[in-house]
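J.: Here it is, the structure in full.
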Amino acid sequence: MESLSIGSALPIVKFKNDLQVEKLKSTSLFTIPNFLSSYECDCFIKYAEKSGFLHQGSLGPAKGEAFRDNDRISIEDIGLAENLWLSGLSNVFREIKVEGRSACGLNPNIRFYSLCRYKVGQRFGPHIDESVDLDQRRTEYTLLIYLNGSGMRNKKSISKGGKDINQQLQGGETVFYSGRKREIIEVAPMAGMALLHLHGEKCMLHEARTVSKGIKYVLRSDVVFG
């Protein structure tokens with residue numbers, strides 16, 4: 001039986017030595033199917049729903065901000081940062097360099113993770129992910145891990161108030177655009193799949209499309225180079 005981290009109810013993510021990288025745009029944009037197991041995804045969702053979400057919005061494009069409508073919970077856990085990195089990501093990034101620098105882990109200074117929830121009608125409009133400077137290091141990649149999607153079974157035992165909270169997900173795709181907002185790549189959520197892409201100056205414009213059915217759950221962090 002897989003165990004939970006003591007006191008937090010967060011899963012201890014098992015090491016996976018057979019991760020496969022699917023390149024969508026060289027190493028600047030790629031996915032890792034089955035980065036998390038179904039059990040691990042379930043644990044993150046249960047933890048988030050038990051802890052409670054806060055609404056995350058924005059002032060909108062008229063105020064110079066991307067439209068944003070979702071719910072979020074923050075996790076501060078050094079052990080989780082190291083666990084996720086050493087569960088297989090470190091091997092994936094072994095040969096990836098950014099301006100001669102190597103990946104050294106997930107954001108260790110801020111130790112900030114977002115568990116996001118998108119309900120029906122919610123979305124995150126076109127935006128760019130900014131890099132964060134950490135002394136002599138800098139975040140260069142966004143890490144998104146889909147906790148449910150087309151790879152999740154139709155009905156789940158996760159419940160809130162005696163009702164299912166995770167119907168089959170429809171919508172919520174992550175879409176990337178060229179410089180003239182021409183759609184070039186669409187990534188549909190799949191349970192346990194990781195999506196990684198360059199951010200900062202080299203970040204492609206992208207958005208999270210509206211969820212039309214069910215609930216979308218995503219875990220987000222950043223990969224640091226130094």
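How things are named: the first chain in the structure tokens is A, the next is B, and so on; residues count from 1 in each chain; ligands count from 1 in the order shown.
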For segment 180-223 of chain A against segment 68-72 of chain A, with a cut-off of 10 Å and counting only C-alpha atoms, what is the closest atom pair and its distance in Å to one decimal for every residue that makes the cut, ordered by chain and number, as CSV?

T.:
```
residue,atom,partner,partner_atom,distance
A:Glu207,CA,A:Arg68,CA,9.7
A:Ala208,CA,A:Arg68,CA,9.3
A:Thr210,CA,A:Asp69,CA,9.5
A:Lys216,CA,A:Asn70,CA,9.7
A:Tyr217,CA,A:Asp71,CA,9.6
A:Val218,CA,A:Arg72,CA,9.5
A:Leu219,CA,A:Arg72,CA,9.7
```

J.: Which residues come within 12 Å of Val21 of chain A, counting only C-alpha atoms, excluding same-chain residues fewer than 2 positions away, as a list of chain:residue names?

T.: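 The residues that qualify are A:Asp18, A:Leu19, A:Lys23, A:Leu24, A:Lys25, A:Ser26, A:Thr27, A:Ser28, A:Leu29, A:Phe30, A:Thr31, A:Ile32, A:Pro33, A:Asn34, A:Phe35, A:Gly88, A:Leu89, A:Asn91, A:Val92, A:Phe93, A:Met193, A:Ala194, A:Leu195, A:Leu196.
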
J.: Please provide the set of residues having any atom within 12 Å of segment 115-122 of chain A, restricted to only C-alpha atoms, with same-chain residues fewer than 6 positions apart removed, written as a PyMOL selection string.

T.: chain A and resi 10+41+44-49+51-57+67-76+143-149+165-173+189+207-221

J.: Give me the residues within 10 Å of Ala103 of chain A as an MDAnalysis selection string, counting only C-alpha atoms and dropping any in the same chain fewer than 3 places off.

T.: chainID A and resid 89:90 92:98 106 137:141 223:226

J.: Next, dump the selected residues to file, keeping only all heavy atoms, as a compact mmCIF listing (two decimals), in the first residue's frame.

T.:
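What ended up in out-v2.txt:
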```txt
# COMPACT_ATOMS: atom_id res chain seq x y z
N LEU A 89 11.51 13.66 -12.56
CA LEU A 89 11.75 14.90 -13.31
C LEU A 89 13.23 15.20 -13.49
O LEU A 89 13.65 15.70 -14.53
CB LEU A 89 11.07 16.08 -12.60
CG LEU A 89 9.63 16.40 -12.97
CD1 LEU A 89 9.16 17.61 -12.19
CD2 LEU A 89 9.47 16.63 -14.46
N SER A 90 14.02 14.92 -12.45
CA SER A 90 15.45 15.21 -12.54
C SER A 90 16.09 14.46 -13.70
O SER A 90 16.97 14.99 -14.39
CB SER A 90 16.15 14.86 -11.22
OG SER A 90 15.96 13.50 -10.90
N VAL A 92 14.47 13.49 -16.47
CA VAL A 92 13.95 14.08 -17.70
C VAL A 92 14.74 15.32 -18.09
O VAL A 92 15.03 15.56 -19.27
CB VAL A 92 12.45 14.44 -17.53
CG1 VAL A 92 11.96 15.26 -18.71
CG2 VAL A 92 11.62 13.17 -17.38
N PHE A 93 15.14 16.12 -17.11
CA PHE A 93 15.82 17.38 -17.38
C PHE A 93 17.35 17.26 -17.41
O PHE A 93 18.04 18.27 -17.53
CB PHE A 93 15.42 18.43 -16.34
CG PHE A 93 14.16 19.17 -16.68
CD1 PHE A 93 12.93 18.68 -16.28
CD2 PHE A 93 14.20 20.35 -17.42
CE1 PHE A 93 11.76 19.35 -16.61
CE2 PHE A 93 13.04 21.02 -17.75
CZ PHE A 93 11.82 20.53 -17.34
N ARG A 94 17.86 16.07 -17.33
CA ARG A 94 19.31 15.88 -17.25
C ARG A 94 20.05 16.49 -18.43
O ARG A 94 21.13 17.07 -18.28
CB ARG A 94 19.62 14.38 -17.14
CG ARG A 94 21.09 14.08 -16.91
CD ARG A 94 21.26 12.60 -16.59
NE ARG A 94 20.58 12.25 -15.35
CZ ARG A 94 20.30 11.00 -14.99
NH1 ARG A 94 20.59 10.00 -15.80
NH2 ARG A 94 19.71 10.75 -13.84
N GLU A 95 19.47 16.38 -19.63
CA GLU A 95 20.15 16.88 -20.83
C GLU A 95 19.59 18.21 -21.33
O GLU A 95 20.01 18.70 -22.38
CB GLU A 95 20.05 15.83 -21.94
CG GLU A 95 20.59 14.46 -21.57
CD GLU A 95 22.07 14.50 -21.22
OE1 GLU A 95 22.80 15.32 -21.81
OE2 GLU A 95 22.48 13.71 -20.34
N ILE A 96 18.66 18.80 -20.62
CA ILE A 96 18.06 20.06 -21.06
C ILE A 96 18.80 21.24 -20.44
O ILE A 96 18.92 21.33 -19.21
CB ILE A 96 16.57 20.12 -20.68
CG1 ILE A 96 15.80 19.00 -21.37
CG2 ILE A 96 15.97 21.48 -21.06
CD1 ILE A 96 14.32 18.94 -21.00
N LYS A 97 19.31 22.13 -21.28
CA LYS A 97 20.04 23.31 -20.83
C LYS A 97 19.31 24.57 -21.28
O LYS A 97 18.67 24.59 -22.34
CB LYS A 97 21.45 23.33 -21.41
CG LYS A 97 22.26 22.05 -21.21
CD LYS A 97 22.71 21.90 -19.79
CE LYS A 97 23.60 20.67 -19.64
NZ LYS A 97 24.07 20.47 -18.25
N VAL A 98 19.40 25.62 -20.49
CA VAL A 98 18.87 26.93 -20.86
C VAL A 98 20.01 27.93 -20.70
O VAL A 98 20.46 28.18 -19.58
CB VAL A 98 17.67 27.33 -19.97
CG1 VAL A 98 17.21 28.75 -20.32
CG2 VAL A 98 16.53 26.35 -20.14
N LEU A 106 12.77 21.98 -8.32
CA LEU A 106 11.58 22.81 -8.35
C LEU A 106 11.77 23.96 -7.37
O LEU A 106 12.51 23.83 -6.40
CB LEU A 106 10.34 21.99 -7.98
CG LEU A 106 10.02 20.84 -8.93
CD1 LEU A 106 8.77 20.10 -8.45
CD2 LEU A 106 9.84 21.32 -10.36
N ARG A 137 19.96 31.82 -9.38
CA ARG A 137 19.16 30.87 -10.15
C ARG A 137 17.91 31.55 -10.69
O ARG A 137 17.59 32.67 -10.31
CB ARG A 137 18.79 29.67 -9.29
CG ARG A 137 20.00 28.85 -8.86
CD ARG A 137 19.64 27.81 -7.82
NE ARG A 137 19.26 28.40 -6.55
CZ ARG A 137 18.92 27.70 -5.48
NH1 ARG A 137 18.87 26.38 -5.54
NH2 ARG A 137 18.60 28.30 -4.36
N ARG A 138 17.24 30.85 -11.58
CA ARG A 138 16.08 31.45 -12.23
C ARG A 138 15.12 30.36 -12.67
O ARG A 138 15.54 29.30 -13.15
CB ARG A 138 16.54 32.28 -13.44
CG ARG A 138 15.44 33.04 -14.18
CD ARG A 138 16.06 33.84 -15.31
NE ARG A 138 15.07 34.54 -16.10
CZ ARG A 138 14.59 35.75 -15.82
NH1 ARG A 138 15.04 36.40 -14.75
NH2 ARG A 138 13.70 36.34 -16.59
N THR A 139 13.81 30.58 -12.52
CA THR A 139 12.84 29.61 -13.03
C THR A 139 12.74 29.77 -14.54
O THR A 139 12.71 30.89 -15.06
CB THR A 139 11.45 29.80 -12.39
OG1 THR A 139 10.88 31.04 -12.81
CG2 THR A 139 11.54 29.77 -10.87
N GLU A 140 12.70 28.65 -15.25
CA GLU A 140 12.69 28.68 -16.71
C GLU A 140 11.56 27.87 -17.34
O GLU A 140 11.23 28.07 -18.50
CB GLU A 140 14.03 28.17 -17.27
CG GLU A 140 15.25 28.97 -16.85
CD GLU A 140 15.36 30.33 -17.54
OE1 GLU A 140 14.50 30.65 -18.38
OE2 GLU A 140 16.32 31.07 -17.24
N TYR A 141 10.99 26.94 -16.60
CA TYR A 141 9.91 26.10 -17.12
C TYR A 141 8.72 26.12 -16.17
O TYR A 141 8.89 26.15 -14.94
CB TYR A 141 10.37 24.63 -17.25
CG TYR A 141 11.05 24.29 -18.54
CD1 TYR A 141 12.39 24.63 -18.75
CD2 TYR A 141 10.39 23.60 -19.56
CE1 TYR A 141 13.04 24.30 -19.92
CE2 TYR A 141 11.03 23.26 -20.73
CZ TYR A 141 12.35 23.61 -20.92
OH TYR A 141 12.99 23.28 -22.09
N VAL A 223 10.27 24.93 -12.70
CA VAL A 223 11.56 24.27 -12.70
C VAL A 223 12.66 25.34 -12.67
O VAL A 223 12.64 26.28 -13.46
CB VAL A 223 11.74 23.38 -13.94
CG1 VAL A 223 13.11 22.68 -13.92
CG2 VAL A 223 10.63 22.33 -14.01
N VAL A 224 13.60 25.18 -11.75
CA VAL A 224 14.66 26.17 -11.52
C VAL A 224 15.95 25.73 -12.20
O VAL A 224 16.31 24.55 -12.17
CB VAL A 224 14.89 26.36 -10.01
CG1 VAL A 224 16.02 27.37 -9.76
CG2 VAL A 224 13.62 26.81 -9.32
N PHE A 225 16.64 26.69 -12.81
CA PHE A 225 17.93 26.44 -13.44
C PHE A 225 19.00 27.30 -12.77
O PHE A 225 18.72 28.42 -12.34
CB PHE A 225 17.89 26.78 -14.93
CG PHE A 225 17.19 25.73 -15.78
CD1 PHE A 225 15.83 25.50 -15.64
CD2 PHE A 225 17.90 24.98 -16.71
CE1 PHE A 225 15.19 24.55 -16.41
CE2 PHE A 225 17.25 24.04 -17.48
CZ PHE A 225 15.89 23.81 -17.34
N GLY A 226 20.22 26.77 -12.67
CA GLY A 226 21.28 27.55 -12.06
C GLY A 226 22.66 27.05 -12.43
O GLY A 226 22.80 26.08 -13.14
```

J.: Looking only at helix (DSSP H, G or I) from DSSP on the backbone, list the matching residues of segment 20-132 of chain A as an MDAnalysis selection string.

T.: chainID A and resid 38:51 61:63 78:92

J.: Between A:Gln20, A:Ser114, A:Ser150, A:Asn107, which is the closest to Asp135 of chain A once you count only C-alpha atoms?

T.: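 Looking only at the distances to Asp135 of chain A, the closest residue turns out to be A:Asn107.
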
J.: Pull the strand (DSSP E) assignments for segment 12-188 of chain A out of DSSP run on the backbone, and list those residues as a PyMOL selection string.

T.: chain A and resi 22-25+29-32+54-57+68-75+97-98+101-106+113-118+123-127+133-134+137-146+159-160+163-164+170-171+174-177+183-187
